file start-v4.txt (compact mmCIF, N, CA and C atoms)
# COMPACT_ATOMS: atom_id res chain seq x y z
N MET A 1 1.29 -21.87 -3.89
CA MET A 1 2.62 -21.35 -4.07
C MET A 1 2.68 -19.97 -3.42
N ASP A 2 3.68 -19.75 -2.60
CA ASP A 2 3.85 -18.49 -1.90
C ASP A 2 4.99 -17.71 -2.53
N MET A 3 4.66 -16.54 -3.06
CA MET A 3 5.64 -15.72 -3.77
C MET A 3 6.84 -15.40 -2.88
N GLU A 4 6.62 -15.20 -1.59
CA GLU A 4 7.71 -14.84 -0.69
C GLU A 4 8.70 -15.98 -0.50
N LYS A 5 8.25 -17.22 -0.67
CA LYS A 5 9.11 -18.37 -0.47
C LYS A 5 9.86 -18.75 -1.74
N LEU A 6 9.51 -18.14 -2.86
CA LEU A 6 10.19 -18.45 -4.11
C LEU A 6 11.50 -17.68 -4.20
N SER A 7 12.50 -18.32 -4.75
CA SER A 7 13.76 -17.63 -4.97
C SER A 7 13.56 -16.61 -6.10
N GLU A 8 14.48 -15.69 -6.18
CA GLU A 8 14.39 -14.67 -7.23
C GLU A 8 14.42 -15.33 -8.61
N GLU A 9 15.25 -16.36 -8.75
CA GLU A 9 15.34 -17.07 -10.02
C GLU A 9 14.02 -17.76 -10.36
N ALA A 10 13.40 -18.38 -9.37
CA ALA A 10 12.12 -19.07 -9.61
C ALA A 10 11.04 -18.06 -9.98
N ARG A 11 11.04 -16.89 -9.34
CA ARG A 11 10.05 -15.86 -9.66
C ARG A 11 10.18 -15.40 -11.10
N GLU A 12 11.42 -15.28 -11.57
CA GLU A 12 11.65 -14.83 -12.94
C GLU A 12 11.12 -15.83 -13.95
N GLU A 13 11.02 -17.09 -13.57
CA GLU A 13 10.55 -18.13 -14.49
C GLU A 13 9.03 -18.21 -14.56
N LEU A 14 8.34 -17.57 -13.63
CA LEU A 14 6.88 -17.59 -13.65
C LEU A 14 6.34 -16.78 -14.82
N SER A 15 5.24 -17.24 -15.36
CA SER A 15 4.60 -16.47 -16.42
C SER A 15 3.92 -15.25 -15.81
N ARG A 16 3.56 -14.33 -16.64
CA ARG A 16 2.86 -13.12 -16.17
C ARG A 16 1.56 -13.52 -15.48
N GLU A 17 0.86 -14.49 -16.04
CA GLU A 17 -0.40 -14.95 -15.45
C GLU A 17 -0.19 -15.55 -14.07
N GLU A 18 0.88 -16.33 -13.92
CA GLU A 18 1.18 -16.93 -12.61
C GLU A 18 1.53 -15.86 -11.58
N LYS A 19 2.28 -14.86 -11.99
CA LYS A 19 2.62 -13.76 -11.08
C LYS A 19 1.37 -13.00 -10.68
N ASN A 20 0.48 -12.74 -11.63
CA ASN A 20 -0.76 -12.03 -11.33
C ASN A 20 -1.65 -12.85 -10.40
N GLU A 21 -1.67 -14.16 -10.59
CA GLU A 21 -2.47 -15.04 -9.73
C GLU A 21 -1.96 -14.99 -8.29
N LEU A 22 -0.65 -15.08 -8.12
CA LEU A 22 -0.07 -15.00 -6.78
C LEU A 22 -0.35 -13.65 -6.14
N LEU A 23 -0.24 -12.60 -6.92
CA LEU A 23 -0.51 -11.26 -6.40
C LEU A 23 -1.96 -11.11 -5.98
N TYR A 24 -2.89 -11.66 -6.75
CA TYR A 24 -4.30 -11.62 -6.40
C TYR A 24 -4.54 -12.25 -5.03
N TRP A 25 -4.03 -13.46 -4.83
CA TRP A 25 -4.27 -14.18 -3.57
C TRP A 25 -3.61 -13.47 -2.39
N LYS A 26 -2.44 -12.89 -2.63
CA LYS A 26 -1.76 -12.16 -1.55
C LYS A 26 -2.56 -10.91 -1.16
N GLN A 27 -3.05 -10.18 -2.15
CA GLN A 27 -3.83 -8.98 -1.86
C GLN A 27 -5.18 -9.33 -1.23
N LYS A 28 -5.78 -10.42 -1.66
CA LYS A 28 -7.04 -10.86 -1.07
C LYS A 28 -6.85 -11.20 0.41
N ALA A 29 -5.78 -11.91 0.71
CA ALA A 29 -5.49 -12.27 2.11
C ALA A 29 -5.25 -11.02 2.95
N MET A 30 -4.58 -10.04 2.38
CA MET A 30 -4.31 -8.80 3.10
C MET A 30 -5.62 -8.06 3.39
N LEU A 31 -6.51 -7.99 2.42
CA LEU A 31 -7.80 -7.33 2.62
C LEU A 31 -8.62 -8.06 3.68
N GLU A 32 -8.59 -9.39 3.66
CA GLU A 32 -9.32 -10.17 4.67
C GLU A 32 -8.77 -9.90 6.06
N GLU A 33 -7.46 -9.79 6.17
CA GLU A 33 -6.84 -9.50 7.47
C GLU A 33 -7.23 -8.10 7.95
N PHE A 34 -7.22 -7.13 7.05
CA PHE A 34 -7.65 -5.77 7.41
C PHE A 34 -9.07 -5.78 7.93
N LEU A 35 -9.95 -6.52 7.26
CA LEU A 35 -11.35 -6.61 7.66
C LEU A 35 -11.47 -7.24 9.04
N GLU A 36 -10.76 -8.35 9.24
CA GLU A 36 -10.82 -9.04 10.54
C GLU A 36 -10.34 -8.16 11.69
N ARG A 37 -9.36 -7.31 11.43
CA ARG A 37 -8.79 -6.46 12.47
C ARG A 37 -9.54 -5.13 12.61
N GLY A 38 -10.54 -4.92 11.78
CA GLY A 38 -11.32 -3.70 11.86
C GLY A 38 -10.65 -2.48 11.24
N ALA A 39 -9.60 -2.73 10.43
CA ALA A 39 -8.90 -1.63 9.79
C ALA A 39 -9.70 -1.05 8.62
N ILE A 40 -10.58 -1.86 8.04
CA ILE A 40 -11.48 -1.40 6.97
C ILE A 40 -12.87 -1.93 7.27
N SER A 41 -13.86 -1.25 6.72
CA SER A 41 -15.25 -1.67 6.90
C SER A 41 -15.60 -2.77 5.90
N ARG A 42 -16.73 -3.42 6.12
CA ARG A 42 -17.22 -4.45 5.19
C ARG A 42 -17.43 -3.82 3.81
N ALA A 43 -17.96 -2.59 3.75
CA ALA A 43 -18.18 -1.92 2.48
C ALA A 43 -16.85 -1.66 1.76
N GLN A 44 -15.83 -1.22 2.51
CA GLN A 44 -14.52 -0.99 1.90
C GLN A 44 -13.93 -2.30 1.38
N PHE A 45 -14.09 -3.36 2.17
CA PHE A 45 -13.59 -4.67 1.76
C PHE A 45 -14.27 -5.12 0.46
N GLU A 46 -15.58 -5.02 0.42
CA GLU A 46 -16.31 -5.46 -0.77
C GLU A 46 -15.95 -4.64 -2.00
N LYS A 47 -15.79 -3.34 -1.83
CA LYS A 47 -15.38 -2.48 -2.96
C LYS A 47 -13.99 -2.86 -3.43
N SER A 48 -13.07 -3.05 -2.49
CA SER A 48 -11.70 -3.41 -2.85
C SER A 48 -11.64 -4.76 -3.54
N MET A 49 -12.43 -5.72 -3.06
CA MET A 49 -12.46 -7.04 -3.70
C MET A 49 -13.07 -6.94 -5.10
N HIS A 50 -14.10 -6.13 -5.24
CA HIS A 50 -14.71 -5.93 -6.56
C HIS A 50 -13.67 -5.34 -7.52
N ASP A 51 -12.95 -4.33 -7.07
CA ASP A 51 -11.93 -3.69 -7.91
C ASP A 51 -10.81 -4.67 -8.24
N LEU A 52 -10.36 -5.42 -7.23
CA LEU A 52 -9.29 -6.39 -7.43
C LEU A 52 -9.72 -7.47 -8.43
N ALA A 53 -10.93 -7.97 -8.27
CA ALA A 53 -11.45 -8.99 -9.18
C ALA A 53 -11.52 -8.46 -10.60
N GLY A 54 -11.97 -7.23 -10.74
CA GLY A 54 -12.07 -6.64 -12.06
C GLY A 54 -10.72 -6.47 -12.74
N LYS A 55 -9.73 -6.05 -11.97
CA LYS A 55 -8.40 -5.82 -12.52
C LYS A 55 -7.67 -7.11 -12.86
N THR A 56 -7.99 -8.18 -12.13
CA THR A 56 -7.27 -9.44 -12.33
C THR A 56 -8.05 -10.46 -13.13
N GLY A 57 -9.31 -10.17 -13.43
CA GLY A 57 -10.12 -11.09 -14.21
C GLY A 57 -10.69 -12.24 -13.40
N HIS A 58 -10.69 -12.12 -12.08
CA HIS A 58 -11.26 -13.16 -11.23
C HIS A 58 -12.76 -12.91 -11.06
N ALA A 59 -13.51 -13.98 -11.02
CA ALA A 59 -14.94 -13.85 -10.73
C ALA A 59 -15.11 -13.51 -9.27
N GLU A 60 -16.03 -12.63 -8.98
CA GLU A 60 -16.30 -12.27 -7.60
C GLU A 60 -17.01 -13.40 -6.88
N VAL A 61 -16.65 -13.58 -5.64
CA VAL A 61 -17.25 -14.64 -4.82
C VAL A 61 -18.39 -14.09 -4.04

call {"tool": "encode", "arguments": {"input": "start-v4.txt", "output": "structure tokens"}}
result
Amino acid sequence: MDMEKLSEEAREELSREEKNELLYWKQKAMLEEFLERGAISRAQFEKSMHDLAGKTGHAEV
């Protein structure tokens, strides 16, 4: 599910957990893109993923 493709009404119907899940995947994708483009280092990526996982309750990969 892509948050950007959801209507405002559909977004309002999502639970807090669903919204957090979508936000996690969107932020993860953004960090991966930054890493691929050389905008951040591998160490910065790993730290950011660690922080993101901790804040969202996701297990680190």

call {"tool": "closest_residue", "arguments": {"input": "start-v4.txt", "among": "A:Asn20, A:Leu31, A:His58, A:Ser15", "to": "Gln44 in chain A", "atoms": "only C-alpha atoms"}}
result
A:Leu31

call {"tool": "atom_distance", "arguments": {"input": "start-v4.txt", "atom1": "CA of Lys55 in chain A", "atom2": "CA of Glu36 in chain A"}}
result
23.4 Å

call {"tool": "atom_distance", "arguments": {"input": "start-v4.txt", "atom1": "CA of Leu14 in chain A", "atom2": "atom C of Glu33 in chain A"}}
result
27.5 Å

call {"tool": "atom_distance", "arguments": {"input": "start-v4.txt", "atom1": "atom C of Leu35 in chain A", "atom2": "atom N of Ala53 in chain A"}}
result
17.3 Å

call {"tool": "select_by_dssp", "arguments": {"input": "start-v4.txt", "residues": "chain A", "states": "helix (DSSP H, G or I)", "output": "MDAnalysis selection string"}}
result
chainID A and resid 3:5 8:13 16:36 42:56

call {"tool": "residues_around", "arguments": {"input": "start-v4.txt", "residues": "Phe45 in chain A", "least_positions_apart": "3", "cutoff": "8 Å", "atoms": "only N, CA and C atoms", "output": "PyMOL selection string"}}
result
chain A and resi 31-32+34-35+40-42+48-51
